[in-house]
2 protein chains.
Amino acid sequence: MKVTRRSILLGGGGAALGLAATAAGGYAVGHTVAPDEASASSDVVPFDGAHQAGIATPAQARLVFASFDVVSDKASDLSELLAIWTGAARKLTIGHPIGPIEGPSEVPPVDTGEATGLPPSALTLTFGVGPSLFTKNGEDRLGLAAKLPSRLRPLPPLPGDVLDPARSGGDLCVQACADDPQVAFHAVRNLLRAGRGIVELRWLQLGFAGNTRTTTKGPTPRNLMGFKDGTRNLRVEDAGELDRFVWVGQEEPQAWFRGGTYLVARRIRMLIESWDRDHLGDQEAVIGRYKESGAPLTGTDEFDEPDFEAKRQDGEPVIPADAHIRLAAPEDNGGMRILRRGYAYTDGIDPRTGLLDAGLFFIAFQKDPDKQFIAIQRKLGLQDGLMEYLQHTGSGIWAILPGVQPGQNLGAGLFA
Amino acid sequence: MKVTRRSILLGGGGAALGLAATAAGGYAVGHTVAPDEASASSDVVPFDGAHQAGIATPAQARLVFASFDVVSDKASDLSELLAIWTGAARKLTIGHPIGPIEGPSEVPPVDTGEATGLPPSALTLTFGVGPSLFTKNGEDRLGLAAKLPSRLRPLPPLPGDVLDPARSGGDLCVQACADDPQVAFHAVRNLLRAGRGIVELRWLQLGFAGNTRTTTKGPTPRNLMGFKDGTRNLRVEDAGELDRFVWVGQEEPQAWFRGGTYLVARRIRMLIESWDRDHLGDQEAVIGRYKESGAPLTGTDEFDEPDFEAKRQDGEPVIPADAHIRLAAPEDNGGMRILRRGYAYTDGIDPRTGLLDAGLFFIAFQKDPDKQFIAIQRKLGLQDGLMEYLQHTGSGIWAILPGVQPGQNLGAGLFA
C-alpha cells in the first residue's frame with residue numbers, strides 16, 4: 001500500500017486510502033489552534049506574534065538545531081511546506097502532537113509519538129531561510145531571487161574558520177528550543193517528516209545546556225570554559241535594545257521581511273584539553289574576568305561595568321588589550337551589540353586526535369550581520385587571545401522570517 | 001612552568017610549585033566528605049553504599065557515558081586513579097567541584113568550573129572494568145588476570161551487530177547520570193582530566209532523555225519509536241528482584257567482586273525513517289502493545305499482564321509470535337529478567353545516507369550476562385520483528401565494581 005508524501009502531509013494517509021480525513025486525523029494547512037485547545041500549562045511560549053518566538057524568549061535549557069536543503073524546485077511546494085510547518089508548530093508549541101498518534105491500523109501514525117504525555121516544555125520553533133534558498137550555484141531555481149532580504153549573504157571567510165561543509169549552510173533552518181530535549185527532538189523530527197520530498201536534513205546539532213545569559217532573571221550560566229557567559233549580553237526584556245539591534249525595521253527595502261532578523265550560527269569547538277592546562281591567571285586574562293565571580297578584572301561583582309581605561313602600576317591595562325570582553329565590547333565596536341543564545345554541545349571524541357569534540361553552539365541574532373556579527377568576529381579573530389582555544393567548525397546564516405498572526409502562515413510574503 | 005599530572009592529581013599543581021597544598025586546593029586521595037560538607041539538597045544520591053549508585057537509582061533525565069582505555073601498564077597507577085576517582089565522585093555527587101575553581105594564578109584550576117553554581121542534580125557516577133583490563137591481546141599487562149570476575153568476557157557476536165570499534169569496548173567505563181546534563185558532562189570531563197597519563201577517552205556518548213521506566217513512580221517514558229518503554233522492567237524499589245537478577249552474590253568465586261554487577265551497553269540505532277513509514281497496526285504488532293495506551297494487545301491498560309496464550313478467531317496469537325514483548329518476556333526466557341536503563345540519543349545525521357543517526361543507548365544490569373542479556377538478545381535477534389528497524393552500532397560489557405563505605409576506595413579488592 002503506497003502512502004504518498006502529500007497524503008501524509010494533508011491527511012495522515014487517509015485521503016490516499018479513501019478514509020474519512022477526520023478518522024485519519026490529518027491536520028489542515030494553515031491550521032490555527034482554537035483557544036480551548038491550548039494547554040493551561042504556564043510553560044507555553046506563544047507561537048504567534050509580531051516576531052517569531054525563540055529570539056526574545058529567555059533561553060530554554062535545551063536545543064536541537066536543524067538545517068535543511070530544499071530538494072524541490074517548485075516554489076509552491078515550499079509555500080505549502082511553510083504553511084504545514086506553521087500549523088504543525090502551533091500544535092507542537094502547546095504540547096500537542098501534529099496529528100493523532102493512533103488512528104487506523106492501515107496507515108502510519110501522523111505523529112511519531114515520543115513526546116506524547118510530555119508537557120509543552122516552553123518549546124519554541126524558529127524558522128529561517130538561507131542565502132542558498134534564493135540563489136544556488138548562480139541559479140534562481142525557485143524564482144525567489146527578487147525577494148532576497150537585503151543583508152542576507154553567505155558569511156565571508158572569517159578568522160578561526162575550520163569549517164566542515166557537512167555542518168555548515170542550508171536553505172532553511174529550524175531552531176528548536178525547549179526545557180525537555182525530547183520535546184525539541186520530537187518537533188524537529190516531525191517537521192522533517194512532514195517535509196519529506198520537499199526538504200532533506202542537511203545537518204542537525206544537539207545543544208545540551210543553555211550556556212548564555214539572555215534574561216534579567218536567574219543566574220548567569222557557565223560555558224564549558226568554566227566562565228559565566230552573557231553577563232553583558234542583550235536582555236530579551238529590553239524591547240528598546242532589541243528594536244535597535246535585532247529586529248529588521250523600516251530600513252529594509254523588502255517589505256515582507258520587516259519584523260524578521262538574521263541568525264548566525266557557529267559551531268565553536270573548544271580545545272578543552274589545552275584550555276584546562278592553562279593557568280588560572282592566563283584564563284582570566286584571556287577572558288578579562290575572574291573565573292569564580294565573573295567580575296571584570298577591574299571589579300568585584302559580576303555586573304560591575306568593566307573599566308577598559310584602568311591601568312596597572314606598570315602602565316599596562318588591567319583588562320588586557322587582547323581580552324575577549326574588551327574586543328567584543330560595544331565600547332570597542334562602535335556601540336554594536338548582538339543577542340547571543342548559545343548552547344553547550346558535545347559530539348563525543350574527535351577520531352583524528354582522541355580529544356573531546358565539545359564546545360559552544362553559538363547562535364546570535366542581529367539586524368545587520370555585516371556591522372554586527374561579522375565585524376565583531378573579524379576583530380576577535382585577529383586579536384582575541386581566546387582564539388587560540390577555539391575552532392569554528394560549522395557555520396550558517398539565515399534570515400529569520402517575521403512573526404505571524406493567527407490564521408497566517410510563515411513566509412507568506414515570500415510568495416506574494 | 002611544568003605541572004605534572006601527578007602534581008595536578010594530588011595537589012592542584014601546588015606540590016610542584018612549592019605552594020601550600022591548602023592554598024593550591026588539591027584534594028586528598030581517598031578523601032571522605034564530612035557530613036557537614038554535604039548539601040542539604042534533596043537531589044543528592046548517596047555515593048557510598050553496598051552497591052554503587054546509578055543502578056538501583058530511578059533513572060535520571062540525562063546521561064553521559066564514557067569508555068576509557070588504560071594507557072599505563074602499572075597496576076599502582078590504576079589503583080591510584082580509582083582512589084582519586086572515588087574521592088572526586090564523593091565531591092561531585094554532592095554538587096562540589098573536585099577542587100577549587102580559583103586559587104593561585106600560576107597553576108591551572110583543579111576543577112574546570114562549568115558546574116559551579118549548579119545543584120547536585122541527582123548526579124550518580126558508576127564505575128566499571130572491562131574484560132580488556134584483565135587481558136589485552138593475550139597479555140596480562142597489569143597483573144590483574146587472576147582477579148577477573150567469573151562472568152566477564154567480551155560479548156560474542158550477536159544478531160543485529162553492525163558494530164563500530166570506535167564506539168565499542170573499553171578498559172573502564174563511567175556512567176554519569178544527572179537531571180542536568182552539564183553536571184554529568186562536567187563530572188566525566190573532570191574524571192578524564194584527573195586520569196590524564198593513566199587513561200585516555202575511548203568514546204563518549206550523550207543520552208539526551210531517559211527512555212526506560214525503572215521505578216514504580218511517575219509515568220513510563222516513551223522511546224524514539226513513540227512507544228512506552230520499560231512497562232515490565234525491573235523496578236529499582238524491588239530489592240528482592242535486584243538480589244535475584246542484578247547483584248552478584250556468594251556464588252561469585254572472586255570474593256572482591258561480590259556486590260557488583262555487569263553492565264551491558266548497546267548503542268542501538270533506530271532506522272527512524274523506515275519505522276515512521278510503517279503502519280500503526282504493523283508497529284503495534286511488532287511491539288505487541290498499543291502505541292497510545294501502552295497496553296498489551298490483549299489488554300486495555302498499560303499494566304495489564306500480557307496474555308501470551310490468547311488467540312484471535314483465526315487461531316493466530318493476539319500477541320504475534322515475533323512480537324518484541326513476547327520474545328523479551330521472562331515467561332519466554334526461563335524467567336530471566338534484566339534491569340534496563342536506556343537513554344535516547346541523537347548524533348546528527350549519518351553522512352553516508354543523510355538519515356538521522358538516533359535511537360536508544362541501551363544499558364542493562366544483570367548478574368549473569370550469558371543467561372540474561374546475551375540469551376535474550378540472541379533470541380530477539382533471530383526472531384524479533386523489531387530487528388528490521390534496529391542496528392546495534394556500539395557495544396560494551398563491564399563489571400561494575402561493588403559499592404564502598406566511607407573511607408574506602410572503589411576497586412580496592414582488585415589490588416589486595
# chains A, B, ... in the order shown; residues from 1 in each chain; ligands from 1
call {"tool": "interface_residues", "arguments": {"of": "chain A", "to": "chain B", "cutoff": "7 Å", "atoms": "only C-alpha atoms", "output": "VMD selection string"}}
result
chain A and resid 101 to 102 105 to 109 112 to 114 181 to 182 201 203 to 205 208 to 209 222 to 227 276 to 281 291 to 292 347 to 349 354
call {"tool": "write_last_selection", "arguments": {"atoms": "N, CA and C atoms", "output": "CSV table (one decimal), in the first residue's frame"}}
result
chain,number,residue,atom,x,y,z
A,101,ILE,N,-1.6,10.1,17.3
A,101,ILE,CA,-0.6,9.1,17.3
A,101,ILE,C,-1.3,7.7,17.1
A,102,GLU,N,-2.6,7.6,17.3
A,102,GLU,CA,-3.3,6.4,16.9
A,102,GLU,C,-4.2,6.8,15.8
A,105,SER,N,-5.3,1.3,11.6
A,105,SER,CA,-4.1,0.5,11.6
A,105,SER,C,-3.4,0.5,10.3
A,106,GLU,N,-4.1,0.8,9.2
A,106,GLU,CA,-3.5,0.6,7.9
A,106,GLU,C,-2.7,1.8,7.4
A,107,VAL,N,-2.5,2.8,8.2
A,107,VAL,CA,-1.7,3.9,7.8
A,107,VAL,C,-0.7,4.2,8.9
A,108,PRO,N,0.4,4.9,8.5
A,108,PRO,CA,1.4,5.3,9.5
A,108,PRO,C,0.8,6.4,10.4
A,109,PRO,N,1.1,6.4,11.7
A,109,PRO,CA,0.6,7.5,12.5
A,109,PRO,C,1.1,8.8,12.0
A,112,THR,N,4.9,11.0,15.5
A,112,THR,CA,5.7,9.9,15.8
A,112,THR,C,5.6,9.5,17.3
A,113,GLY,N,5.1,10.3,18.1
A,113,GLY,CA,4.6,9.8,19.4
A,113,GLY,C,5.5,10.0,20.6
A,114,GLU,N,6.8,10.3,20.4
A,114,GLU,CA,7.7,10.2,21.6
A,114,GLU,C,7.5,11.3,22.5
A,181,PRO,N,14.6,18.1,26.1
A,181,PRO,CA,15.2,17.8,24.8
A,181,PRO,C,14.4,16.8,24.0
A,182,GLN,N,13.7,16.0,24.6
A,182,GLN,CA,12.8,15.0,23.8
A,182,GLN,C,11.7,15.8,23.1
A,201,LEU,N,17.2,16.7,5.4
A,201,LEU,CA,18.0,17.2,6.5
A,201,LEU,C,19.5,17.3,6.0
A,203,TRP,N,22.0,19.0,8.2
A,203,TRP,CA,22.7,18.7,9.4
A,203,TRP,C,21.9,19.0,10.6
A,204,LEU,N,22.3,18.4,11.8
A,204,LEU,CA,21.5,18.5,13.0
A,204,LEU,C,22.4,18.6,14.1
A,205,GLN,N,22.2,19.6,15.0
A,205,GLN,CA,23.1,19.7,16.2
A,205,GLN,C,22.3,19.8,17.5
A,208,PHE,N,23.2,20.7,24.6
A,208,PHE,CA,22.7,20.0,25.8
A,208,PHE,C,22.4,21.0,26.9
A,209,ALA,N,22.9,22.2,26.9
A,209,ALA,CA,22.7,23.1,28.0
A,209,ALA,C,22.8,24.5,27.5
A,222,ARG,N,27.3,29.1,33.0
A,222,ARG,CA,28.7,29.0,32.7
A,222,ARG,C,28.9,28.2,31.4
A,223,ASN,N,29.8,28.6,30.6
A,223,ASN,CA,30.1,27.8,29.4
A,223,ASN,C,31.2,26.7,29.7
A,224,LEU,N,31.6,25.9,28.8
A,224,LEU,CA,32.5,24.8,29.0
A,224,LEU,C,33.9,25.2,29.3
A,225,MET,N,34.2,26.5,29.2
A,225,MET,CA,35.4,27.0,29.7
A,225,MET,C,35.4,27.3,31.2
A,226,GLY,N,34.2,27.2,31.8
A,226,GLY,CA,34.0,27.4,33.2
A,226,GLY,C,33.7,28.8,33.6
A,227,PHE,N,33.6,29.7,32.6
A,227,PHE,CA,33.3,31.1,32.8
A,227,PHE,C,31.8,31.4,32.6
A,276,ASP,N,42.3,23.6,29.7
A,276,ASP,CA,42.4,23.0,31.1
A,276,ASP,C,43.8,23.0,31.6
A,277,ARG,N,44.8,23.1,30.7
A,277,ARG,CA,46.2,23.1,31.1
A,277,ARG,C,46.6,24.5,31.3
A,278,ASP,N,45.8,25.5,30.9
A,278,ASP,CA,46.2,26.9,31.1
A,278,ASP,C,46.1,27.3,32.5
A,279,HIS,N,46.9,28.2,32.9
A,279,HIS,CA,46.9,28.7,34.3
A,279,HIS,C,45.7,29.6,34.5
A,280,LEU,N,45.2,29.6,35.8
A,280,LEU,CA,44.1,30.4,36.1
A,280,LEU,C,44.3,31.9,35.7
A,281,GLY,N,45.5,32.4,36.0
A,281,GLY,CA,45.7,33.8,35.7
A,281,GLY,C,45.7,34.1,34.2
A,291,LYS,N,37.3,34.1,37.2
A,291,LYS,CA,36.5,32.9,36.8
A,291,LYS,C,35.4,32.6,37.8
A,292,GLU,N,35.7,32.7,39.1
A,292,GLU,CA,34.6,32.3,40.0
A,292,GLU,C,33.5,33.3,40.1
A,347,ASP,N,30.0,16.1,20.9
A,347,ASP,CA,29.7,15.1,20.0
A,347,ASP,C,30.8,14.0,20.1
A,348,GLY,N,31.0,13.6,21.4
A,348,GLY,CA,32.0,12.5,21.6
A,348,GLY,C,33.4,13.0,21.3
A,349,ILE,N,34.2,12.1,20.7
A,349,ILE,CA,35.6,12.5,20.6
A,349,ILE,C,36.0,12.7,19.1
A,354,GLY,N,41.6,11.9,19.3
A,354,GLY,CA,41.2,11.3,20.6
A,354,GLY,C,40.8,12.3,21.6
call {"tool": "residues_around", "arguments": {"residues": "Val174 in chain B", "least_positions_apart": "5", "cutoff": "8 Å", "atoms": "only C-alpha atoms", "output": "ChimeraX atom specification"}}
result
/B:65-67,125-128,188
call {"tool": "select_by_dssp", "arguments": {"residues": "range 86-218 of chain B", "states": "helix (DSSP H, G or I)", "output": "NGL selection string"}}
result
:B and (86-92 or 131-134 or 145-147 or 165-167 or 181-194)
call {"tool": "residues_around", "arguments": {"residues": "range 139-152 of chain B", "least_positions_apart": "6", "cutoff": "9 Å", "atoms": "only C-alpha atoms", "output": "list in words"}}
result
Ser72, Asp73, Lys74, Ala75, Ser76, Leu78, Gly130, Pro131, Leu133, Glu252, Pro253, Gln254, Trp256, Phe257, Tyr262, Lys367, Asp368, Pro369, Asp370, Ile397, Trp398, Ala399, Gly413, Leu414 and Phe415 of chain B
call {"tool": "residues_around", "arguments": {"residues": "Arg269 in chain B", "least_positions_apart": "4", "cutoff": "6 Å", "atoms": "only C-alpha atoms", "output": "ChimeraX atom specification"}}
result
/B:358-359,390-391
call {"tool": "write_last_selection", "arguments": {"atoms": "C-alpha atoms", "output": "short mmCIF file (atom, residue, chain, number, x, y, z; two decimals), in the first residue's frame"}}
result
data_model
loop_
_atom_site.label_atom_id
_atom_site.label_comp_id
_atom_site.auth_asym_id
_atom_site.auth_seq_id
_atom_site.Cartn_x
_atom_site.Cartn_y
_atom_site.Cartn_z
CA ALA B 358 19.33 8.44 16.50
CA GLY B 359 17.97 5.74 18.74
CA LEU B 390 17.42 -1.61 14.59
CA GLN B 391 21.18 -1.67 14.17
#
call {"tool": "closest_residue", "arguments": {"among": "A:Ser274, A:Thr216, A:Thr86, A:Gln383", "to": "Ala56 in chain A", "atoms": "only C-alpha atoms"}}
result
A:Thr216
call {"tool": "select_by_dssp", "arguments": {"residues": "range 285-322 of chain A", "states": "strand (DSSP E or B)", "output": "NGL selection string"}}
result
:A and (289 or 296 or 311 or 317)
call {"tool": "write_last_selection", "arguments": {"atoms": "N, CA and C atoms", "output": "PDB file, in the first residue's frame"}}
result
ATOM      1  N   ARG A 289      37.883  38.542  32.836  1.00  0.00           N
ATOM      2  CA  ARG A 289      37.031  38.420  34.034  1.00  0.00           C
ATOM      3  C   ARG A 289      37.632  37.399  34.991  1.00  0.00           C
ATOM      4  N   PRO A 296      34.528  41.651  36.168  1.00  0.00           N
ATOM      5  CA  PRO A 296      35.632  42.082  35.303  1.00  0.00           C
ATOM      6  C   PRO A 296      36.893  42.248  36.152  1.00  0.00           C
ATOM      7  N   LYS A 311      44.553  51.188  34.443  1.00  0.00           N
ATOM      8  CA  LYS A 311      45.927  50.723  34.189  1.00  0.00           C
ATOM      9  C   LYS A 311      46.512  50.127  35.474  1.00  0.00           C
ATOM     10  N   PRO A 317      47.166  47.900  30.669  1.00  0.00           N
ATOM     11  CA  PRO A 317      45.755  47.913  31.072  1.00  0.00           C
ATOM     12  C   PRO A 317      45.419  46.717  31.973  1.00  0.00           C
TER      13      PRO A 317
END
call {"tool": "residues_around", "arguments": {"residues": "Gly49 in chain B", "least_positions_apart": "4", "cutoff": "7 Å", "atoms": "only C-alpha atoms", "output": "PyMOL selection string"}}
result
chain B and resi 403-405
call {"tool": "write_last_selection", "arguments": {"atoms": "N, CA and C atoms", "output": "tab-separated table (two decimals), in the first residue's frame"}}
result
chain	number	residue	atom	x	y	z
B	403	GLY	N	30.01	-1.53	45.69
B	403	GLY	CA	29.97	-0.24	46.37
B	403	GLY	C	31.02	-0.14	47.46
B	404	VAL	N	31.18	1.07	47.97
B	404	VAL	CA	32.18	1.32	49.01
B	404	VAL	C	31.54	2.02	50.20
B	405	GLN	N	32.19	1.89	51.32
B	405	GLN	CA	31.80	2.62	52.52
B	405	GLN	C	32.73	3.82	52.66
call {"tool": "atom_distance", "arguments": {"atom1": "CA of Leu81 in chain B", "atom2": "CA of Gly195 in chain B"}}
result
6.3 Å
call {"tool": "residues_around", "arguments": {"residues": "Ala178 in chain B", "least_positions_apart": "3", "cutoff": "6 Å", "atoms": "only C-alpha atoms", "output": "ChimeraX atom specification"}}
result
/B:60,62,121-123,184
call {"tool": "atom_distance", "arguments": {"atom1": "CA of Thr124 in chain B", "atom2": "CA of Gln372 in chain B"}}
result
24.6 Å
call {"tool": "residues_around", "arguments": {"residues": "Ile363 in chain A", "least_positions_apart": "3", "cutoff": "9 Å", "atoms": "only C-alpha atoms", "output": "ChimeraX atom specification"}}
result
/A:263-267,339-343
call {"tool": "atom_distance", "arguments": {"atom1": "CA of Leu82 in chain B", "atom2": "CA of Val70 in chain B"}}
result
11.7 Å
